[in-house]
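So the structure is just underneath, and the comments pick up after that.
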Amino acid sequence: GYNVGKVKNIAADAPVYSMKMILDPATVSKFKACGVMVLDAPTDVFPTVLQYLGLPPDSKSIADLDKATDALLKVRPFIRKFHSSEYINGLANGDICVAFGYSGDIIQASNRAAEAKRGVSVNYSIPSEGAQLWVDTLAIPKDAPNPDLAHAILDHLMVPQVVAASSDLTGYANGNKASTPLVSEAVRTNPGIYPPAEVRARLFTITPADREFERARTRAWTRVKTGR
């Protein structure tokens, strides 16, 4: 996500459709003063860095993890903060100008900025190198005290009109195909929310890591956040 006006004033040719905005030191350094934020989420950030480096995003190789860590350490001096929600208001209020975050959050930041009418314009772009595909899940614990009510809620959320309204409110796409025609035109035609096929072809998913790799990734993330 990025502040259109501030980014344009700083670098009119900024590669706003590329992870260079975050991972290329020569590029991201230009935006240090106006503010850069990144998700505090190693399972989201490291795979994206691996993809940017041309490595398998779901790699469980320590050598690949080290390469991703080194890439992040090179840009660490230019990142103001790692946080998984503050960037929404940061972008909307014009307090930061670049953020690596979740699609729906940045769409919400864009909507909040427009509603505030303070001259802040926020855009969202899917990196040309590819991006991690997210899936939200609703689950019922096996010891839930009222599973019938839970099923009723799930049934309600699957009603096309209901889930379409949810997409309009949150800026997140939904998996109910019958709802798509009911989603507002502004949302369903937004390629950042409902990407075209050629963009979806560049999306990827990841798999769970074993305990050893998870420990290594956690240690690497600590290094990145502390800059050591």
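As shown in the structure tokens, the chain order sets the letters A, B, ...; within each chain, residues go from 1, and ligands are also counted from 1 in the order they appear.
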
Could the residues of range 30-77 of chain A that have an atom at most 10 Å from range 90-95 of chain A be listed as CSV, each with its closest atom pair and the distance in Å to one decimal, counting only C-alpha atoms and ordered by chain and ascending residue number?
residue,atom,partner,partner_atom,distance
A:Cys34,CA,A:Asp95,CA,7.3
A:Gly35,CA,A:Asp95,CA,7.0
A:Val36,CA,A:Asp95,CA,9.6
A:Met37,CA,A:Gly90,CA,8.8

Mind running range 79-136 of chain A against range 41-58 of chain A at 10 Å and telling me each contacting residue's nearest atom pair with the distance in Å (one decimal), counting only C-alpha atoms, chain and number ascending, as a tab-separated table?
residue	atom	partner	partner_atom	distance
A:Phe82	CA	A:Ala41	CA	8.4
A:His83	CA	A:Ala41	CA	8.1
A:Ser84	CA	A:Ala41	CA	7.1
A:Phe100	CA	A:Val45	CA	8.6
A:Gly101	CA	A:Asp44	CA	9.1
A:Tyr102	CA	A:Asp44	CA	9.3
A:Pro127	CA	A:Tyr52	CA	9.2
A:Ser128	CA	A:Tyr52	CA	9.3
A:Glu129	CA	A:Tyr52	CA	6.0
A:Gly130	CA	A:Gln51	CA	7.0
A:Ala131	CA	A:Thr48	CA	6.3
A:Gln132	CA	A:Thr48	CA	6.8
A:Leu133	CA	A:Asp44	CA	9.7
A:Trp134	CA	A:Asp44	CA	9.5

Query raised in the report: What's the 12 Å shell around Pro195 in chain A, counting only C-alpha atoms, without same-chain residues fewer than 5 positions away, as an MDAnalysis selection string?
Result: chainID A and resid 103 124:127 130:131 133 172:173 187:190 200:203

Those same residues - C-alpha atoms - I'd like them written as a compact mmCIF listing (two decimals), in the first residue's frame.
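Result file is result22.txt:
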# COMPACT_ATOMS: atom_id res chain seq x y z
CA SER A 103 -4.88 -6.56 0.92
CA TYR A 124 -3.05 -1.01 -3.17
CA SER A 125 -1.11 -3.13 -5.63
CA ILE A 126 -0.31 -6.82 -5.84
CA PRO A 127 3.45 -7.21 -6.38
CA GLY A 130 3.77 -12.60 -6.93
CA ALA A 131 2.09 -12.61 -3.54
CA LEU A 133 -2.69 -16.13 -1.19
CA TYR A 172 -12.02 -8.70 1.15
CA ALA A 173 -13.13 -11.05 -1.61
CA VAL A 187 -15.29 -3.93 -5.18
CA ARG A 188 -15.84 -6.75 -7.66
CA THR A 189 -14.06 -4.87 -10.47
CA ASN A 190 -11.12 -3.85 -8.28
CA ARG A 200 -3.88 -15.15 -9.69
CA ALA A 201 -1.40 -17.36 -11.56
CA ARG A 202 1.40 -15.58 -9.66
CA LEU A 203 -0.15 -16.12 -6.23

Requested in this report: Go ahead and compute the interatomic distance for CA of Ile22 in chain A and CA of Leu72 in chain A, in Å to one decimal.
Outcome: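 That distance, rounded to one decimal, is 8.9 Å.
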
Report task. With a distance cut-off of 12 Å and only C-alpha atoms, select the neighbouring residues of range 110-121 of chain A, excluding the residue or stretch itself and same-chain residues fewer than 4 positions from it, and output the selection as a VMD selection string. Result -> chain A and resid 1 to 8 87 to 98 103 to 106 125 168 to 171 186 to 187 192

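Residues in contact with Lys74 in chain A at up to 12 Å, not including ones fewer than 5 positions away on its chain and judged by only C-alpha atoms, are A:Ile22, A:Leu23, A:Asp24, A:Pro25, A:Ala26, A:Thr27, A:Val28, A:Ser29, A:Lys67, A:Ala68, A:Thr69, A:Ile79, A:Arg223, A:Val224, A:Lys225, A:Gly227, A:Arg228.
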
Requested in this report: Select from range 25-138 of chain A everything DSSP, run on the backbone, classes as alpha helix (DSSP H), then give the selection as a VMD selection string.
Outcome: chain A and resid 25 to 28 42 to 52 62 to 75 86 to 93 103 to 116

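Note that CA of Asp136 in chain A and CA of Val199 in chain A are 19.8 Å apart.
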
Query - Atom-to-atom span, CA of Val162 in chain A and CA of Ala178 in chain A, Å - result: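 We find that CA of Val162 in chain A and CA of Ala178 in chain A lie 11.2 Å from each other.
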
**Report entry** Members of range 21-189 of chain A assigned strand (DSSP E) by DSSP, as a list in words
**Finding:**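 Strand (DSSP E) members of range 21-189 of chain A, listed: Val36, Met37, Val38, Lys81, Phe82, Val98, Ala99, Phe100, Val122, Asn123, Ala131 and Gln132 of chain A.
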
**Report entry** Option closest in space to Val16 in chain A, from A:Gln161, A:Thr226, A:Arg215, A:Val122 [counting only C-alpha atoms]
**Finding:**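 Closest to Val16 in chain A, using only C-alpha atoms: A:Val122.
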
Query raised in the report: Pick from A:Met19, A:Ile193, A:Val183, A:Ile140: nearest to Gln108 in chain A, with only C-alpha atoms counted?
Result: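 Closest candidate: A:Ile193.
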
Report summary line: The residue from A:Leu182, A:Ala14, A:Ala152, A:Ala33 with the smallest atom-to-atom distance to Ser166 in chain A, counting only C-alpha atoms, is A:Leu182
